[in-house]
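A.B. asks: Just so it is clear, I am handing over entry-v7.txt, which has compact mmCIF, C-alpha atoms and all ligand atoms.
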```txt
# COMPACT_ATOMS: atom_id res chain seq x y z
CA MET H 562 46.21 -40.98 8.52
CA ASN H 563 42.71 -41.37 9.98
CA LYS H 564 43.35 -39.31 13.10
CA LEU H 565 39.92 -37.73 12.51
CA LYS H 566 38.16 -40.67 10.88
CA ASP H 567 34.46 -39.84 10.32
CA LYS H 568 34.62 -36.75 12.53
CA VAL H 569 32.49 -33.87 11.27
CA ALA H 570 34.44 -30.61 11.16
CA ILE H 571 33.30 -27.09 10.30
CA ILE H 572 36.04 -24.63 9.35
CA THR H 573 35.32 -20.94 8.82
CA GLY H 574 37.55 -18.95 6.50
CA ALA H 575 38.35 -22.23 4.75
CA ASN H 576 38.91 -20.92 1.24
CA SER H 577 42.32 -19.48 2.01
CA GLY H 578 45.49 -19.62 4.09
CA ILE H 579 45.34 -21.39 7.45
CA GLY H 580 41.71 -22.49 7.04
CA LEU H 581 42.35 -24.09 3.66
CA ALA H 582 45.52 -25.86 4.80
CA THR H 583 43.60 -27.21 7.79
CA ALA H 584 40.69 -28.36 5.62
CA LYS H 585 43.12 -30.28 3.41
CA LEU H 586 44.82 -31.89 6.42
CA PHE H 587 41.53 -32.77 8.14
CA LEU H 588 40.26 -34.38 4.90
CA LYS H 589 43.49 -36.36 4.62
CA GLU H 590 42.92 -37.57 8.17
CA GLY H 591 39.46 -38.89 7.35
CA ALA H 592 37.23 -36.04 8.55
CA LYS H 593 34.04 -34.91 6.85
CA VAL H 594 34.63 -31.22 6.36
CA VAL H 595 32.32 -28.24 5.92
CA LEU H 596 34.37 -25.49 4.33
CA SER H 597 32.85 -22.10 4.92
CA GLY H 598 33.75 -18.71 3.50
CA ARG H 599 32.12 -15.45 2.49
CA ARG H 600 32.76 -15.80 -1.28
CA GLN H 601 31.15 -18.67 -3.20
CA GLU H 602 33.53 -18.28 -6.16
CA ALA H 603 36.53 -18.72 -3.87
CA LEU H 604 34.92 -21.79 -2.30
CA ASP H 605 34.17 -23.23 -5.75
CA GLU H 606 37.75 -22.65 -6.82
CA VAL H 607 39.28 -24.51 -3.87
CA ALA H 608 36.64 -27.26 -4.07
CA GLU H 609 37.94 -28.18 -7.54
CA ASN H 610 41.26 -29.25 -6.07
CA LEU H 611 40.11 -30.96 -2.88
CA GLU H 612 39.76 -34.67 -2.32
CA GLY H 613 37.59 -36.31 0.30
CA ASP H 614 34.17 -35.94 1.87
CA PHE H 615 33.33 -32.23 2.05
CA ILE H 616 30.77 -29.57 1.29
CA THR H 617 31.12 -25.81 0.98
CA VAL H 618 28.76 -23.30 2.56
CA LYS H 619 28.83 -19.59 1.82
CA ALA H 620 28.43 -17.69 5.07
CA ASP H 621 29.64 -14.30 6.24
CA VAL H 622 30.58 -14.77 9.90
CA ALA H 623 29.71 -11.15 10.66
CA ILE H 624 26.05 -11.83 9.80
CA ALA H 625 24.05 -13.62 12.49
CA GLU H 626 21.67 -15.27 10.00
CA ASP H 627 24.61 -16.64 8.00
CA ASN H 628 26.01 -18.36 11.09
CA LYS H 629 22.63 -19.94 11.70
CA ARG H 630 22.43 -21.14 8.10
CA LEU H 631 25.98 -22.49 8.19
CA ILE H 632 25.19 -24.72 11.16
CA GLN H 633 21.85 -25.75 9.65
CA LYS H 634 23.43 -26.76 6.32
CA ALA H 635 26.28 -28.60 8.04
CA THR H 636 24.00 -30.62 10.33
CA GLU H 637 21.47 -31.31 7.56
CA HIS H 638 24.27 -32.84 5.53
CA TYR H 639 26.46 -34.58 8.11
CA GLY H 640 24.50 -34.66 11.38
CA ASN H 641 26.10 -33.52 14.61
CA ILE H 642 29.39 -31.68 14.71
CA ASP H 643 32.62 -32.96 16.31
CA ILE H 644 35.01 -30.12 15.52
CA LEU H 645 34.20 -26.43 15.13
CA PHE H 646 37.19 -24.40 13.95
CA LEU H 647 36.52 -20.65 14.19
CA ASN H 648 39.30 -19.45 11.96
CA ALA H 649 37.92 -16.67 9.73
CA GLY H 650 39.44 -13.31 10.48
CA ILE H 651 40.82 -10.08 9.06
CA ALA H 652 43.70 -7.80 10.03
CA LYS H 653 43.88 -4.23 8.81
CA PRO H 654 46.56 -2.09 10.44
CA ILE H 655 45.56 1.49 11.29
CA PRO H 656 47.25 3.74 13.87
CA THR H 657 44.99 4.75 16.75
CA THR H 658 44.78 8.35 15.54
CA ASP H 659 43.16 7.15 12.29
CA ILE H 660 40.77 4.54 13.68
CA THR H 661 37.21 5.01 12.45
CA GLU H 662 33.99 3.52 13.71
CA ALA H 663 33.71 1.57 10.45
CA HIS H 664 37.20 0.06 10.93
CA PHE H 665 36.38 -0.87 14.53
CA ASP H 666 33.05 -2.44 13.60
CA GLU H 667 34.46 -4.39 10.67
CA ILE H 668 37.25 -6.01 12.69
CA ILE H 669 35.21 -6.67 15.81
CA ASN H 670 32.19 -7.99 13.88
CA ILE H 671 34.28 -10.48 11.92
CA ASN H 672 36.89 -11.45 14.52
CA VAL H 673 34.78 -11.45 17.70
CA LYS H 674 31.05 -11.33 17.05
CA GLY H 675 31.31 -13.89 14.24
CA PRO H 676 32.89 -16.76 16.18
CA ILE H 677 30.78 -16.15 19.27
CA LEU H 678 27.50 -16.22 17.32
CA ALA H 679 28.60 -19.27 15.34
CA ILE H 680 29.29 -21.09 18.61
CA LYS H 681 25.91 -20.07 20.02
CA GLU H 682 24.23 -21.60 16.95
CA ALA H 683 26.44 -24.68 16.92
CA LEU H 684 26.48 -25.69 20.58
CA PRO H 685 23.23 -27.68 20.58
CA SER H 686 24.60 -29.70 17.64
CA ILE H 687 28.14 -30.27 18.90
CA ASN H 688 28.62 -33.80 20.19
CA ASP H 689 29.59 -34.24 23.82
CA GLY H 690 33.34 -34.74 23.82
CA GLY H 691 33.68 -32.50 20.76
CA THR H 692 36.20 -29.77 20.20
CA ILE H 693 36.05 -26.03 19.57
CA LEU H 694 39.14 -24.32 18.18
CA PHE H 695 39.93 -20.65 17.63
CA THR H 696 42.55 -19.09 15.43
CA ASN H 697 43.77 -16.35 17.67
CA SER H 698 47.12 -14.55 17.34
CA VAL H 699 50.22 -13.60 19.30
CA VAL H 700 49.17 -9.95 18.91
CA HIS H 701 47.32 -9.94 22.21
CA GLN H 702 50.58 -10.83 23.95
CA LYS H 703 52.85 -8.28 22.26
CA GLY H 704 52.22 -4.76 20.98
CA PHE H 705 52.63 -4.07 17.28
CA ASP H 706 52.03 -0.51 16.07
CA GLY H 707 48.84 -0.08 14.08
CA LEU H 708 47.29 -3.35 15.18
CA GLY H 709 45.21 -1.84 18.00
CA VAL H 710 41.73 -2.98 17.09
CA TYR H 711 42.98 -6.27 15.65
CA SER H 712 44.92 -7.01 18.85
CA ALA H 713 41.93 -6.03 20.96
CA SER H 714 39.75 -8.40 18.92
CA LYS H 715 42.10 -11.32 19.51
CA GLY H 716 42.44 -10.46 23.21
CA ALA H 717 38.65 -10.48 23.46
CA LEU H 718 38.51 -13.86 21.79
CA ARG H 719 41.06 -15.29 24.23
CA ALA H 720 39.02 -13.98 27.17
CA TYR H 721 35.84 -15.41 25.68
CA SER H 722 37.47 -18.81 25.11
CA ARG H 723 38.23 -19.11 28.84
CA VAL H 724 34.56 -18.53 29.68
CA LEU H 725 33.46 -21.01 27.02
CA THR H 726 35.90 -23.63 28.35
CA SER H 727 34.06 -23.48 31.64
CA GLU H 728 30.56 -23.22 30.18
CA VAL H 729 30.88 -26.45 28.20
CA LYS H 730 32.78 -28.47 30.78
CA SER H 731 29.80 -30.63 31.74
CA ARG H 732 29.65 -31.88 28.14
CA GLY H 733 33.34 -32.75 27.87
CA ILE H 734 33.81 -30.31 25.00
CA ARG H 735 37.41 -29.12 24.78
CA VAL H 736 38.06 -25.48 23.84
CA ASN H 737 41.50 -24.51 22.62
CA SER H 738 43.15 -21.72 20.66
CA ILE H 739 46.03 -21.42 18.26
CA ALA H 740 48.05 -18.22 18.32
CA PRO H 741 50.02 -17.90 15.09
CA GLY H 742 52.88 -15.51 14.67
CA PRO H 743 53.52 -14.16 11.15
CA ILE H 744 52.29 -16.79 8.71
CA GLU H 745 52.63 -16.53 4.94
CA THR H 746 49.00 -16.30 3.80
CA PRO H 747 46.91 -14.03 1.53
CA LEU H 748 45.92 -12.07 4.68
CA TYR H 749 48.70 -9.54 4.09
CA GLY H 750 47.43 -8.74 0.59
CA LYS H 751 44.02 -7.83 2.01
CA MET H 752 45.26 -5.14 4.38
CA ASP H 753 44.46 -2.20 2.07
CA LEU H 754 48.14 -1.21 2.17
CA PRO H 755 50.63 -0.67 -0.68
CA MET H 756 52.67 -3.82 -1.37
CA ASP H 757 56.00 -2.18 -0.42
CA VAL H 758 54.58 -1.24 2.99
CA VAL H 759 53.31 -4.79 3.49
CA GLN H 760 56.70 -6.20 2.48
CA GLU H 761 58.52 -3.88 4.88
CA MET H 762 56.14 -4.85 7.68
CA GLY H 763 56.68 -8.53 6.89
CA LYS H 764 60.45 -8.10 6.99
CA GLY H 765 60.13 -6.44 10.39
CA PHE H 766 58.03 -9.33 11.73
CA ALA H 767 60.40 -12.00 10.41
CA GLU H 768 63.39 -10.26 12.01
CA GLN H 769 61.72 -10.46 15.41
CA VAL H 770 60.99 -14.19 15.14
CA PRO H 771 63.73 -16.32 16.76
CA LEU H 772 63.46 -18.78 13.85
CA GLY H 773 63.95 -15.81 11.51
CA ARG H 774 61.14 -16.49 9.08
CA PHE H 775 57.40 -16.52 8.46
CA GLY H 776 55.57 -19.73 9.26
CA THR H 777 53.44 -21.66 6.79
CA SER H 778 49.72 -22.40 6.88
CA GLU H 779 50.61 -26.09 7.02
CA GLU H 780 52.59 -25.55 10.23
CA VAL H 781 49.51 -24.00 11.80
CA ALA H 782 47.26 -26.74 10.41
CA ASN H 783 49.44 -29.34 12.16
CA ALA H 784 48.67 -27.66 15.49
CA ALA H 785 44.96 -27.58 14.65
CA LEU H 786 45.03 -31.30 13.87
CA PHE H 787 46.79 -32.09 17.13
CA LEU H 788 44.32 -30.05 19.20
CA ALA H 789 41.31 -31.49 17.36
CA SER H 790 42.48 -35.09 17.66
CA ASP H 791 42.37 -37.57 20.52
CA GLU H 792 46.09 -36.99 20.99
CA ALA H 793 45.09 -33.80 22.81
CA SER H 794 42.37 -35.48 24.87
CA TYR H 795 43.54 -33.88 28.14
CA ILE H 796 44.42 -30.50 26.67
CA ASN H 797 41.74 -27.92 27.35
CA GLY H 798 41.44 -24.14 27.61
CA ILE H 799 44.94 -23.42 26.34
CA GLU H 800 46.44 -21.40 23.55
CA ILE H 801 49.30 -22.89 21.53
CA GLU H 802 51.66 -20.38 19.97
CA VAL H 803 52.76 -21.33 16.48
CA ASP H 804 55.08 -18.41 16.07
CA GLY H 805 58.70 -19.53 15.82
CA GLY H 806 59.19 -18.26 19.37
CA LEU H 807 58.11 -14.66 18.73
CA SER H 808 55.87 -14.37 21.77
CA GLN H 809 58.43 -15.93 24.12
CA ILE H 810 61.32 -13.46 23.89
N1 LIG V 901 48.61 -14.80 8.58
C1 LIG V 901 49.06 -14.41 9.76
O1 LIG V 901 50.18 -13.92 9.88
C2 LIG V 901 48.20 -14.59 10.97
C3 LIG V 901 48.79 -14.40 12.22
C4 LIG V 901 48.02 -14.54 13.35
C5 LIG V 901 46.69 -14.87 13.24
N2 LIG V 901 46.13 -15.03 12.03
C6 LIG V 901 44.70 -15.37 11.97
O2 LIG V 901 44.54 -16.51 11.19
C7 LIG V 901 43.20 -16.57 10.69
C8 LIG V 901 43.24 -16.97 9.24
O3 LIG V 901 43.91 -15.97 8.52
P1 LIG V 901 44.91 -16.28 7.32
O4 LIG V 901 46.22 -15.74 7.68
O5 LIG V 901 44.79 -17.67 6.88
O6 LIG V 901 44.33 -15.26 6.22
P2 LIG V 901 43.45 -15.49 4.90
O7 LIG V 901 44.22 -16.35 3.97
O8 LIG V 901 43.03 -14.15 4.46
O9 LIG V 901 42.21 -16.31 5.44
C9 LIG V 901 41.19 -15.71 6.17
C10 LIG V 901 39.91 -16.37 5.80
O10 LIG V 901 38.83 -15.77 6.53
C11 LIG V 901 37.83 -15.41 5.59
N3 LIG V 901 36.98 -14.32 6.06
C12 LIG V 901 37.31 -13.03 6.29
N4 LIG V 901 36.23 -12.35 6.67
C13 LIG V 901 35.19 -13.22 6.65
C14 LIG V 901 33.81 -13.12 6.92
N5 LIG V 901 33.26 -11.95 7.27
N6 LIG V 901 33.05 -14.23 6.82
C15 LIG V 901 33.59 -15.41 6.46
N7 LIG V 901 34.88 -15.57 6.17
C16 LIG V 901 35.67 -14.48 6.27
C17 LIG V 901 38.62 -15.01 4.37
O11 LIG V 901 37.77 -14.91 3.24
P3 LIG V 901 38.21 -14.02 1.97
O12 LIG V 901 39.12 -14.91 1.16
O13 LIG V 901 36.92 -13.72 1.32
O14 LIG V 901 38.92 -12.80 2.50
C18 LIG V 901 39.58 -16.17 4.33
O15 LIG V 901 38.96 -17.34 3.85
C19 LIG V 901 42.60 -15.20 10.98
O16 LIG V 901 41.75 -15.30 12.10
C20 LIG V 901 43.81 -14.35 11.31
O17 LIG V 901 43.49 -13.30 12.19
C21 LIG V 901 46.85 -14.91 10.87
```
For the file at hand, write its structure as structure tokens.

C.D. replies:
Amino acid sequence: MNKLKDKVAIITGANSGIGLATAKLFLKEGAKVVLSGRRQEALDEVAENLEGDFITVKADVAIAEDNKRLIQKATEHYGNIDILFLNAGIAKPIPTTDITEAHFDEIININVKGPILAIKEALPSINDGGTILFTNSVVHQKGFDGLGVYSASKGALRAYSRVLTSEVKSRGIRVNSIAPGPIETPLYGKMDLPMDVVQEMGKGFAEQVPLGRFGTSEEVANAALFLASDEASYINGIEIEVDGGLSQI
């Protein structure tokens, strides 16, 4: 308890899956949390069951103005930011032969442009000694058919996070990433694929994981808490795989 007492945290994609589990854990640990998502009704729904000091802000990370407004609303309410968790993301598998410009733009705008623009807006309001966290993925370390643009987006984010780590070093801001393997979240239901195809894909993932199963959002949230807390005070620029060993074999 109280590992994040009075820290101000912004979490994008906080109405679901990993973001929601992290919001709950951060609140339990005493943080003041700004939960952001692109659908107000989804934010309202989760807000009903949350306890602690939090606000919700509707913001589509792919829209520059929304990122600006998110940071404005957060700082108006809580003052400067201690923890910025860029977690919102989408994954829609499409083989390379079927990739369209619209598919490319959607994934890259949400997974890459979004976090980078949010950071640009937030940096002046992040306290020295603060923390920036990305939800990345193991997909930039291993090749999974159909995940070309998604994997490229996460690889881009990892490259960007190395630059950011250096750019903010004079302010003592730590920049770290979490690379989940297959995690049981609503993400898979949003892939525009028939459920049997999704289930087959999930089975294939689980079989490749040394621990033989999907992870949970809570298991990823635990890594986010560790990286955001003082317990990780000398950990900077890294990516922690929360993947049951998938990326290591
Ligand atoms: N689940 C996995 O197996 C897995 C593995 C590796 C990495 N990841 C990464 O983990 C992160 C969280 O995903 P998840 O698994 O927790 O899936 P999720 O339950 O679908 O959560 C994703 C969150 O991001 C939000 N989001 C999507 N597009 C957005 C936009 N344009 N603006 C603002 N919010 C947006 C979603 O909102 P809506 O509810 O409106 O869609 C949702 O709140 C993603 O970055 C994903 O790439 C997931």

A.B. asks: Within 10 Å of Ala575 of chain H, counting only C-alpha atoms, which residues qualify if same-chain residues fewer than 4 places away don't, as an MDAnalysis selection string?

C.D. replies: chainID H and resid 571 579:585 594:599 603:604 607 617:618 646:649

A.B. asks: Distance atom N4 of ligand LIG 901 (chain V)-atom CA of Gly650 of chain H, one decimal place?

C.D. replies: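 If I compute the distance from atom N4 of ligand LIG 901 (chain V) to atom CA of Gly650 of chain H, I get 5.1 Å.
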
A.B. asks: Any residue with an atom at most 8 Å from ligand LIG 901 (chain V) counts, using all atoms listed in the file. Which are they? Put them as a PyMOL selection string.

C.D. replies: chain H and resi 573-581+597-600+603+619-624+647-652+670-672+675+695-700+711+715+740-751+775-776+778

A.B. asks: As lines of an AutoDock Vina configuration file, what would the box around segment 739-747 of chain H look like: edges along x, y and z, 5 Å added on every side, centre and edge lengths in Å to one decimal?

C.D. replies:
```
center_x = 49.8
center_y = -17.7
center_z = 9.9
size_x = 17.5
size_y = 17.4
size_z = 26.8
```

A.B. asks: Do you know which residues are at most 6 Å from segment 706-709 of chain H counting all atoms listed in the file, after dropping those on the same chain fewer than 2 positions away, and could you put them as a PyMOL selection string?

C.D. replies: chain H and resi 654-656+711-712

A.B. asks: Taking only C-alpha atoms into account, name the residue in H:Asn641, H:Asn628, H:Gln702, H:Thr777 that is nearest to Ile680 of chain H.

C.D. replies: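 For Ile680 of chain H, the nearest of the candidates is H:Asn628.
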
A.B. asks: Have a look at H:Val710, H:Val759, H:Ala635, H:Leu725 and name the one nearest to Ile677 of chain H; count only C-alpha atoms.

C.D. replies: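 Closest to Ile677 of chain H, using only C-alpha atoms: H:Leu725.
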
A.B. asks: Using all atoms listed in the file, can you tell me which of H:Glu779, H:Glu662, H:Asp757, H:Glu682 comes closest to Thr636 of chain H?

C.D. replies: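 With all atoms listed in the file as the atom set, the closest residue is H:Glu682.
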
A.B. asks: Under the rule that only C-alpha atoms are counted, which of H:Ala592, H:Ala679, H:Leu786, H:Ala663 is the nearest residue to Gln633 of chain H?

C.D. replies: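 When distances to Gln633 of chain H are compared using only C-alpha atoms, the smallest one comes from H:Ala679.
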
A.B. asks: Which is closest to Gln809 of chain H among H:Met762, H:Leu588, H:Val770, H:Ala782, if we use all atoms listed in the file?

C.D. replies: H:Val770

A.B. asks: Could you state the separation of atom CA of Lys764 of chain H and atom CA of Glu780 of chain H in Å, given to one decimal place?

C.D. replies: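 Result for atom CA of Lys764 of chain H versus atom CA of Glu780 of chain H: 19.4 Å, one decimal.
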
A.B. asks: Extract, using all atoms listed in the file, all DNA, RNA and protein residues at most 12 Å from Ser722 of chain H, discarding same-chain residues fewer than 3 positions from it, and format them as a list in words.

C.D. replies: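 Surrounding residues, per the criterion: Leu647, Val673, Pro676, Ile677, Ile680, Ile693, Leu694, Phe695, Thr696, Asn697, Lys715, Gly716, Ala717, Leu718, Arg719, Leu725, Thr726, Ser727, Glu728, Val729, Arg735, Val736, Asn737, Ser738, Ile739, Asn797, Gly798, Ile799 and Glu800 of chain H.
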
A.B. asks: Which distance in Å separates atom CA of Leu678 of chain H and atom CA of Gly640 of chain H, to one decimal?

C.D. replies: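 The value is 19.6 Å.
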
A.B. asks: Which one is closest to Pro685 of chain H: H:Gly763, H:Thr661, H:Leu565, H:Arg732? Count only C-alpha atoms.

C.D. replies: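 Selected residue with least distance to Pro685 of chain H: H:Arg732.
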
A.B. asks: Would you pick out the contacts of Lys566 of chain H at 10 Å or less, using all atoms listed in the file, so that residues sharing its chain but fewer than 4 positions from it are not included, and give the list as a ChimeraX atom specification?

C.D. replies: /H:562,587-593,790
